[in-house]
$ cat entry-v3.cif   # mmCIF, C-alpha atoms and all ligand atoms
data_upload
#
loop_
_atom_site.label_atom_id
_atom_site.label_comp_id
_atom_site.auth_asym_id
_atom_site.auth_seq_id
_atom_site.Cartn_x
_atom_site.Cartn_y
_atom_site.Cartn_z
CA MET A 1 33.92 117.71 71.68
CA ASN A 2 31.80 116.48 68.78
CA ALA A 3 29.77 114.15 70.97
CA GLN A 4 29.20 116.85 73.56
CA LYS A 5 25.77 118.42 73.73
CA ALA A 6 25.16 122.15 73.75
CA PRO A 7 25.91 123.55 77.22
CA LEU A 8 23.08 126.06 76.92
CA SER A 9 19.99 126.61 74.84
CA GLN A 10 19.58 129.24 72.17
CA ALA A 11 16.98 130.90 74.41
CA GLN A 12 19.47 131.14 77.29
CA LEU A 13 22.14 132.59 75.05
CA ALA A 14 19.65 135.12 73.67
CA GLN A 15 19.44 136.63 77.16
CA ALA A 16 23.22 137.08 77.42
CA LYS A 17 24.39 140.67 77.08
CA VAL A 18 27.89 141.73 76.15
CA LEU A 19 29.12 145.30 76.16
CA VAL A 20 31.81 145.72 73.51
CA VAL A 21 34.08 148.76 73.79
CA GLY A 22 36.94 149.72 71.50
CA ASP A 23 37.97 150.91 68.09
CA VAL A 24 35.47 150.42 65.27
CA MET A 25 36.58 150.24 61.69
CA LEU A 26 35.05 149.98 58.28
CA ASP A 27 36.57 147.32 56.06
CA ARG A 28 36.10 148.36 52.44
CA TYR A 29 36.80 146.33 49.33
CA TRP A 30 36.80 147.90 45.87
CA TYR A 31 36.93 145.38 43.06
CA GLY A 32 37.71 146.33 39.51
CA ALA A 33 39.07 145.47 36.11
CA VAL A 34 42.68 146.13 35.14
CA ASP A 35 42.95 146.76 31.42
CA ARG A 36 45.91 149.06 31.10
CA ILE A 37 48.88 150.74 32.69
CA SER A 38 48.48 154.38 33.61
CA PRO A 39 50.06 156.94 31.25
CA GLU A 40 50.89 159.02 34.36
CA ALA A 41 53.01 156.50 36.24
CA PRO A 42 53.99 152.83 35.88
CA VAL A 43 50.96 151.58 37.84
CA PRO A 44 47.81 149.67 36.81
CA VAL A 45 44.58 151.56 36.25
CA VAL A 46 41.76 149.85 38.11
CA ARG A 47 38.25 150.51 36.80
CA ILE A 48 36.06 149.92 39.88
CA THR A 49 33.06 147.70 39.16
CA ARG A 50 31.96 146.49 42.58
CA GLU A 51 32.18 147.60 46.18
CA GLU A 52 31.79 145.75 49.47
CA ASN A 53 31.70 147.13 53.02
CA ARG A 54 32.07 145.12 56.21
CA LEU A 55 32.10 145.77 59.92
CA GLY A 56 35.67 145.85 61.18
CA GLY A 57 37.60 146.18 64.41
CA CYS A 58 35.41 145.91 67.49
CA ALA A 59 32.28 146.13 65.32
CA ASN A 60 33.27 142.74 63.91
CA VAL A 61 33.70 141.46 67.47
CA ALA A 62 30.20 142.67 68.39
CA PHE A 63 28.85 141.13 65.19
CA ASN A 64 30.37 137.80 66.19
CA ALA A 65 28.65 137.96 69.60
CA VAL A 66 25.31 138.64 67.90
CA SER A 67 25.87 135.97 65.25
CA VAL A 68 26.39 133.26 67.84
CA GLY A 69 23.08 134.30 69.40
CA ALA A 70 23.88 136.75 72.22
CA GLN A 71 23.08 140.46 72.53
CA ALA A 72 25.80 143.03 71.95
CA SER A 73 25.98 146.71 72.73
CA LEU A 74 28.77 148.57 71.00
CA LEU A 75 30.38 151.65 72.49
CA SER A 76 32.80 153.50 70.26
CA VAL A 77 33.80 156.81 68.74
CA VAL A 78 33.37 157.61 65.05
CA GLY A 79 33.78 160.66 62.85
CA ASP A 80 31.00 162.47 61.02
CA ASP A 81 31.97 161.28 57.56
CA GLU A 82 30.83 158.93 54.80
CA ALA A 83 32.49 155.95 56.48
CA SER A 84 30.65 156.55 59.76
CA HIS A 85 27.34 156.57 57.89
CA LEU A 86 28.19 153.38 56.02
CA LEU A 87 29.10 151.83 59.37
CA GLN A 88 25.79 152.91 60.85
CA ASP A 89 23.86 151.33 57.98
CA LEU A 90 25.71 148.04 58.44
CA ILE A 91 25.20 148.14 62.21
CA ALA A 92 21.48 148.81 61.77
CA LYS A 93 21.20 145.55 59.81
CA SER A 94 23.44 143.56 62.14
CA GLY A 95 21.38 143.32 65.32
CA ILE A 96 24.05 145.18 67.32
CA THR A 97 22.88 148.04 69.57
CA PRO A 98 25.26 150.94 68.87
CA TYR A 99 26.29 153.76 71.22
CA PHE A 100 28.48 155.93 69.04
CA GLY A 101 30.18 159.09 70.18
CA ARG A 102 30.74 161.51 67.33
CA ASP A 103 33.92 163.48 66.94
CA ALA A 104 33.65 165.75 63.90
CA GLN A 105 37.45 166.13 63.89
CA LEU A 106 37.90 162.41 63.66
CA LYS A 107 38.35 160.42 60.48
CA THR A 108 36.49 157.15 61.00
CA THR A 109 39.03 154.34 60.69
CA VAL A 110 38.80 152.76 57.24
CA LYS A 111 40.87 150.05 55.63
CA LEU A 112 40.27 150.19 51.91
CA ARG A 113 41.52 147.37 49.72
CA ILE A 114 41.77 147.79 45.96
CA ILE A 115 41.43 144.44 44.28
CA GLY A 116 42.04 143.80 40.59
CA ARG A 117 42.75 140.56 38.74
CA GLN A 118 41.88 138.55 41.88
CA GLN A 119 44.64 140.14 43.90
CA GLN A 120 44.95 142.94 46.38
CA LEU A 121 46.86 145.73 44.66
CA LEU A 122 46.87 148.27 47.45
CA ARG A 123 45.50 148.92 50.91
CA LEU A 124 44.73 152.45 52.01
CA ASP A 125 44.32 153.21 55.72
CA PHE A 126 42.45 156.28 56.96
CA GLU A 127 42.64 157.01 60.65
CA ASN A 128 43.47 159.49 63.37
CA THR A 129 43.23 159.57 67.14
CA PRO A 130 39.93 160.56 68.80
CA GLN A 131 39.73 163.66 70.99
CA ASN A 132 39.92 163.45 74.71
CA GLU A 133 36.56 165.18 75.37
CA VAL A 134 34.65 162.71 73.22
CA LEU A 135 36.39 159.84 74.98
CA SER A 136 35.48 161.29 78.38
CA SER A 137 31.82 161.42 77.45
CA GLN A 138 32.22 157.82 76.28
CA THR A 139 33.36 156.89 79.79
CA GLN A 140 30.15 158.42 81.19
CA GLN A 141 28.09 156.45 78.72
CA PHE A 142 30.02 153.35 79.76
CA MET A 143 29.03 153.90 83.40
CA GLN A 144 25.38 154.08 82.36
CA LEU A 145 25.54 150.90 80.30
CA LEU A 146 27.47 148.88 82.86
CA PRO A 147 24.61 147.78 85.19
CA ASP A 148 22.79 146.05 82.32
CA HIS A 149 25.77 144.00 81.05
CA PRO A 150 27.39 141.12 82.97
CA VAL A 151 30.37 141.03 80.60
CA VAL A 152 32.48 143.84 79.20
CA LEU A 153 34.70 143.10 76.21
CA PHE A 154 37.44 145.56 75.32
CA SER A 155 38.76 145.11 71.81
CA ASP A 156 41.95 147.12 71.50
CA TYR A 157 43.12 147.83 67.99
CA GLY A 158 45.55 150.51 69.13
CA LYS A 159 43.69 153.38 67.44
CA GLY A 160 43.32 155.42 70.62
CA GLY A 161 39.67 154.68 71.43
CA LEU A 162 40.63 152.96 74.68
CA ALA A 163 42.60 155.80 76.25
CA HIS A 164 40.52 155.43 79.43
CA VAL A 165 40.51 151.64 79.57
CA THR A 166 42.12 151.42 83.02
CA ASP A 167 39.33 153.48 84.63
CA MET A 168 36.65 151.49 82.82
CA ILE A 169 38.17 148.18 83.96
CA ALA A 170 38.22 149.39 87.57
CA ALA A 171 34.57 150.49 87.40
CA ALA A 172 33.49 147.20 85.79
CA ARG A 173 35.32 145.05 88.31
CA LYS A 174 33.92 147.08 91.18
CA ALA A 175 30.47 146.32 89.78
CA LYS A 176 31.42 142.58 89.72
CA LYS A 177 31.41 142.35 85.93
CA ALA A 178 33.64 140.00 83.95
CA VAL A 179 36.13 141.95 81.85
CA LEU A 180 37.64 140.29 78.78
CA ILE A 181 40.28 142.08 76.72
CA ASP A 182 41.85 141.47 73.33
CA PRO A 183 45.09 143.37 73.92
CA LYS A 184 47.43 145.31 71.67
CA GLY A 185 50.83 146.95 72.03
CA SER A 186 53.75 146.65 74.39
CA ASP A 187 52.17 148.05 77.56
CA PHE A 188 49.74 145.60 79.15
CA SER A 189 49.81 147.42 82.52
CA ARG A 190 46.81 149.39 81.29
CA TYR A 191 44.78 146.15 81.43
CA ALA A 192 45.58 145.51 85.09
CA GLY A 193 42.68 144.08 87.07
CA ALA A 194 40.84 142.56 84.10
CA THR A 195 39.33 139.08 84.31
CA CYS A 196 41.07 137.72 81.23
CA ILE A 197 43.22 138.93 78.36
CA THR A 198 43.41 136.99 75.07
CA PRO A 199 46.75 137.75 73.36
CA ASN A 200 47.92 135.77 70.35
CA ARG A 201 51.48 134.44 70.31
CA ALA A 202 53.08 137.56 68.85
CA GLU A 203 51.21 139.85 71.24
CA LEU A 204 52.25 137.87 74.30
CA GLN A 205 55.82 137.57 73.07
CA GLN A 206 56.06 141.32 72.66
CA VAL A 207 55.33 141.74 76.36
CA VAL A 208 57.00 138.78 78.09
CA GLY A 209 59.65 137.83 75.50
CA GLY A 210 59.93 134.50 73.73
CA TRP A 211 59.81 131.02 75.24
CA ASN A 212 61.70 127.80 74.46
CA SER A 213 59.44 125.34 76.24
CA GLU A 214 55.89 124.97 77.55
CA GLU A 215 57.34 125.25 81.03
CA GLU A 216 58.94 128.59 80.33
CA LEU A 217 55.75 129.84 78.68
CA SER A 218 53.74 128.76 81.69
CA THR A 219 56.06 130.57 84.10
CA LYS A 220 55.95 133.74 82.01
CA ALA A 221 52.17 133.65 81.58
CA HIS A 222 51.55 133.10 85.29
CA ASN A 223 53.99 135.86 86.21
CA LEU A 224 52.14 138.24 83.91
CA ARG A 225 48.83 137.13 85.37
CA GLN A 226 50.03 137.88 88.90
CA LYS A 227 51.74 141.14 88.01
CA LEU A 228 48.60 142.49 86.32
CA LYS A 229 46.19 140.91 88.83
CA LEU A 230 44.30 139.05 86.10
CA ASP A 231 42.18 135.98 86.78
CA ALA A 232 43.41 134.43 83.56
CA VAL A 233 45.52 134.75 80.43
CA LEU A 234 44.14 132.98 77.38
CA LEU A 235 46.88 132.54 74.80
CA THR A 236 45.48 131.92 71.32
CA ARG A 237 48.02 129.91 69.34
CA SER A 238 46.63 129.74 65.79
CA GLU A 239 47.17 126.16 64.49
CA GLU A 240 48.26 125.10 68.00
CA GLY A 241 44.86 125.89 69.51
CA MET A 242 44.85 127.78 72.81
CA THR A 243 46.02 127.63 76.41
CA LEU A 244 44.30 129.14 79.44
CA PHE A 245 46.51 130.08 82.38
CA ASP A 246 44.53 130.65 85.56
CA ALA A 247 44.76 130.05 89.33
CA ARG A 248 44.24 126.32 88.78
CA GLY A 249 47.19 126.06 86.39
CA ALA A 250 47.20 125.67 82.62
CA ALA A 251 44.51 124.13 80.40
CA HIS A 252 45.42 123.45 76.80
CA ILE A 253 43.16 122.57 73.91
CA ALA A 254 44.25 121.64 70.40
CA ALA A 255 43.03 123.46 67.29
CA GLN A 256 39.82 122.15 65.74
CA ALA A 257 39.93 123.28 62.12
CA ARG A 258 39.61 120.63 59.41
CA GLU A 259 40.60 122.86 56.53
CA VAL A 260 41.97 126.38 56.81
CA PHE A 261 40.89 129.00 54.27
CA ASP A 262 41.06 132.38 55.95
CA VAL A 263 42.63 132.92 59.36
CA THR A 264 41.91 136.65 59.66
CA GLY A 265 39.39 137.51 62.33
CA ALA A 266 39.72 134.22 64.23
CA GLY A 267 40.82 136.11 67.33
CA ASP A 268 37.69 138.29 67.14
CA THR A 269 35.49 135.21 66.93
CA VAL A 270 37.25 133.59 69.88
CA ILE A 271 36.85 136.49 72.30
CA ALA A 272 33.28 137.24 71.17
CA THR A 273 32.26 133.61 71.74
CA LEU A 274 34.00 133.54 75.09
CA ALA A 275 32.22 136.74 76.17
CA ALA A 276 28.80 135.50 74.98
CA LEU A 277 29.12 132.22 76.88
CA VAL A 278 30.43 133.87 80.05
CA ALA A 279 27.54 136.36 79.85
CA ALA A 280 25.21 133.34 79.68
CA GLY A 281 26.67 132.05 82.94
CA MET A 282 29.55 129.76 81.95
CA SER A 283 33.01 129.92 83.54
CA LEU A 284 36.08 130.73 81.44
CA ARG A 285 37.21 127.11 81.67
CA GLU A 286 33.83 125.87 80.47
CA ALA A 287 33.59 128.44 77.69
CA MET A 288 37.13 128.04 76.36
CA PRO A 289 36.68 124.79 74.34
CA TRP A 290 33.65 126.31 72.62
CA ALA A 291 35.55 129.49 71.81
CA ASN A 292 38.32 127.33 70.37
CA ARG A 293 35.77 125.45 68.33
CA ALA A 294 34.33 128.73 67.04
CA GLY A 295 37.85 129.78 65.97
CA GLY A 296 38.22 126.48 64.15
CA VAL A 297 34.92 126.96 62.32
CA VAL A 298 35.66 130.50 61.24
CA VAL A 299 39.10 129.75 59.74
CA GLY A 300 37.37 127.18 57.55
CA LYS A 301 35.25 129.88 55.94
CA PHE A 302 36.15 132.28 53.20
CA GLY A 303 34.97 135.82 53.77
CA THR A 304 32.26 135.60 56.45
CA ALA A 305 34.08 135.81 59.75
CA THR A 306 31.24 134.75 62.05
CA VAL A 307 29.84 131.53 63.51
CA SER A 308 26.16 130.82 64.20
CA TYR A 309 24.65 129.04 67.22
CA GLU A 310 23.87 126.01 65.04
CA GLU A 311 27.40 125.82 63.65
CA LEU A 312 28.97 126.09 67.08
CA PHE A 313 26.79 123.57 68.86
CA ALA A 314 25.95 121.22 65.99
N1 LIG B 1 45.63 127.77 61.16
C1 LIG B 1 44.72 127.45 62.09
N2 LIG B 1 44.31 126.17 62.23
C2 LIG B 1 43.40 125.82 63.15
N3 LIG B 1 42.81 126.68 64.00
C3 LIG B 1 43.18 127.97 63.92
C4 LIG B 1 44.16 128.42 62.97
N4 LIG B 1 44.31 129.76 63.11
C5 LIG B 1 43.49 130.10 64.12
N5 LIG B 1 42.81 129.04 64.61
C6 LIG B 1 41.81 129.06 65.71
O1 LIG B 1 41.48 130.42 66.01
C7 LIG B 1 42.00 130.79 67.29
C8 LIG B 1 42.54 132.21 67.27
O2 LIG B 1 43.54 132.30 66.29
P1 LIG B 1 44.86 133.19 66.47
O3 LIG B 1 45.64 132.72 67.64
O4 LIG B 1 45.52 133.20 65.15
O5 LIG B 1 44.21 134.61 66.81
P2 LIG B 1 44.63 136.09 66.32
O6 LIG B 1 46.06 136.09 65.90
O7 LIG B 1 44.21 137.02 67.36
O8 LIG B 1 43.71 136.25 65.07
P3 LIG B 1 43.30 137.63 64.35
O9 LIG B 1 43.98 138.73 65.08
O10 LIG B 1 43.74 137.45 62.93
O11 LIG B 1 41.83 137.67 64.47
C9 LIG B 1 43.02 129.73 67.65
O12 LIG B 1 43.13 129.62 69.06
C10 LIG B 1 42.41 128.49 66.98
O13 LIG B 1 41.34 127.99 67.75
MG MG B 2 43.86 139.15 67.35
#

$ encode --input "entry-v3.cif" --output "structure tokens"
Amino acid sequence: MNAQKAPLSQAQLAQAKVLVVGDVMLDRYWYGAVDRISPEAPVPVVRITREENRLGGCANVAFNAVSVGAQASLLSVVGDDEASHLLQDLIAKSGITPYFGRDAQLKTTVKLRIIGRQQQLLRLDFENTPQNEVLSSQTQQFMQLLPDHPVVLFSDYGKGGLAHVTDMIAAARKAKKAVLIDPKGSDFSRYAGATCITPNRAELQQVVGGWNSEEELSTKAHNLRQKLKLDAVLLTRSEEGMTLFDARGAAHIAAQAREVFDVTGAGDTVIATLAALVAAGMSLREAMPWANRAGGVVVGKFGTATVSYEELFA
């Protein structure tokens, strides 16, 4: 891989458009000093000194597509609260083109970490399920955006934003678009007809059960592929790299990371890179080693969960 030259130029990739649909989140980090135990309860008092906000959920996926040099539109539903405005500010700086539906009843999904003495003391999650009417208008918006995007990427975080995913897949496939999905949950039938799903090991296991050999895995993956009428299943396997199961069989590629610092978000980077390269005209088989490489780069970084064009194709 290292000796291989870039399969496409930065200018070509800059023309590639990915439509990302799913659940957006705001990742918040509050850092502070811990000087004493609370007089009210046996818990530390954290005096907040610094705050950091990051794009999370499918906004992080879209950010990865933009970071590697492609264009990303982001279709999602948010509330009308502080978090949604913080998200909008971050998106405005990111290069992502947002299409946000607003649901005033909705609490924008936030994961707030409280960090004191270099460790996470608590995580607070704020979320609720978006309303059906807002999601229906999102489907209309989706239909309008579809013609301009060769690749649709659904990033399912199980927060309810993809209630109409099956209809959107059908419309996209009818329009001859590639549909890539990062799945969640125990019911994959809702992804039927997609081009490719990218479960990790635990996500695949939840749906097809465990496997004791590569042979058994292959049988199970191909059965799932046929049952759901998918072109391919891309199993991401953390330190084992990834395996693509498609009509030609199975293609495996070993993990690339030299040193591992932070594995969170590697799956987002993988599917975003895959989508960007497919949107630029590559096949899944051609794009897969580069997506694997992107995953390997990102786990070697602390904090920043994105990979640039230069880093990927250096
Ligand atoms: N420990 C690791 N060592 C080397 N490469 C890794 C490691 N973890 C992840 N990767 C790379 O990142 C890819 C995706 O990782 P993984 O299968 O863990 O996805 P994931 O569980 O969906 O991640 P997340 O949901 O946290 O974003 C792997 O296929 C591999 O290329
Ligand atoms: Mg994942």

$ residues_around --input "entry-v3.cif" --residues "Arg54 (chain A)" --least-positions-apart "3" --cutoff "9 Å" --atoms "only C-alpha atoms" --output "list in words"
Met25, Leu26, Asp27, Arg28, Tyr29, Asn60, Leu87 and Leu90 of chain A

$ closest_residue --input "entry-v3.cif" --among "A:Gly193, A:Gly79, A:Pro199, A:Gly265" --to "Lys107 (chain A)" --atoms "only C-alpha atoms"
A:Gly79

$ residues_near_ligand --input "entry-v3.cif" --ligand "ligand MG 2 (chain B)" --cutoff "10 Å" --atoms "only C-alpha atoms and all ligand atoms" --output "list of chain:residue names"
A:Gly57, A:Ser155, A:Asp156, A:Tyr157, A:Asp182, A:Pro183, A:Lys184, A:Thr198, A:Pro199, A:Asn200, A:Arg201, A:Ala202, A:Glu203, A:Thr236, A:Ser238, A:Thr264, A:Gly265, A:Ala266, A:Gly267, A:Asp268, A:Thr269, A:Val270, A:Ile271

$ closest_residue --input "entry-v3.cif" --among "A:Ile114, A:Leu106, A:Asn64, A:Asp246" --to "ligand LIG 1 (chain B)" --atoms "all atoms listed in the file"
A:Asn64

$ atom_distance --input "entry-v3.cif" --atom1 "CA of Ala257 (chain A)" --atom2 "atom P1 of ligand LIG 1 (chain B)"
11.9 Å

$ closest_residue --input "entry-v3.cif" --among "A:Leu13, A:Ile115, A:Leu228, A:Leu234" --to "Ala33 (chain A)" --atoms "only C-alpha atoms"
A:Ile115

$ residues_around --input "entry-v3.cif" --residues "Ala163 (chain A)" --least-positions-apart "6" --cutoff "10 Å" --atoms "all atoms listed in the file" --output "PyMOL selection string"
chain A and resi 22+129-132+135-136+139+156+190

$ closest_residue --input "entry-v3.cif" --among "A:Ala170, A:Leu274, A:Ala255, A:Ala192" --to "Val297 (chain A)" --atoms "all atoms listed in the file"
A:Ala255

$ closest_residue --input "entry-v3.cif" --among "A:Leu204, A:Val260, A:Val233, A:Ala72" --to "ligand LIG 1 (chain B)" --atoms "all atoms listed in the file"
A:Val260

$ residues_near_point --input "entry-v3.cif" --point "(37.5, 138.5, 78.0)" --cutoff "6 Å" --atoms "only C-alpha atoms" --output "ChimeraX atom specification"
/A:153,179-181,196-197,275

$ closest_residue --input "entry-v3.cif" --among "A:Leu55, A:Leu8, A:Ala254, A:Leu145" --to "Asp89 (chain A)" --atoms "all atoms listed in the file"
A:Leu55

$ residues_around --input "entry-v3.cif" --residues "Asp35 (chain A)" --least-positions-apart "3" --cutoff "10 Å" --atoms "all atoms listed in the file" --output "list in words"
Gly32, Ser38, Pro44, Val45, Val46, Arg47, Gly116 and Arg117 of chain A

$ residues_around --input "entry-v3.cif" --residues "region 5-7 of chain A" --least-positions-apart "2" --cutoff "12 Å" --atoms "all atoms listed in the file" --output "list in words"
Met1, Asn2, Ala3, Ser9, Gln10, Ala11, Gln12, Leu13, Leu277, Val278, Ala280, Gly281, Met282, Ser283, Glu286, Ala287, Pro289, Trp290, Tyr309, Glu310, Glu311, Leu312, Phe313 and Ala314 of chain A

$ axis_aligned_box --input "entry-v3.cif" --around "ligand LIG 1 (chain B)" --padding-each-side "5 Å" --output "lines of an AutoDock Vina configuration file"
center_x = 43.7
center_y = 132.3
center_z = 65.1
size_x = 14.7
size_y = 22.9
size_z = 17.9

$ atom_distance --input "entry-v3.cif" --atom1 "CA of Ala171 (chain A)" --atom2 "CA of Ala59 (chain A)"
22.6 Å
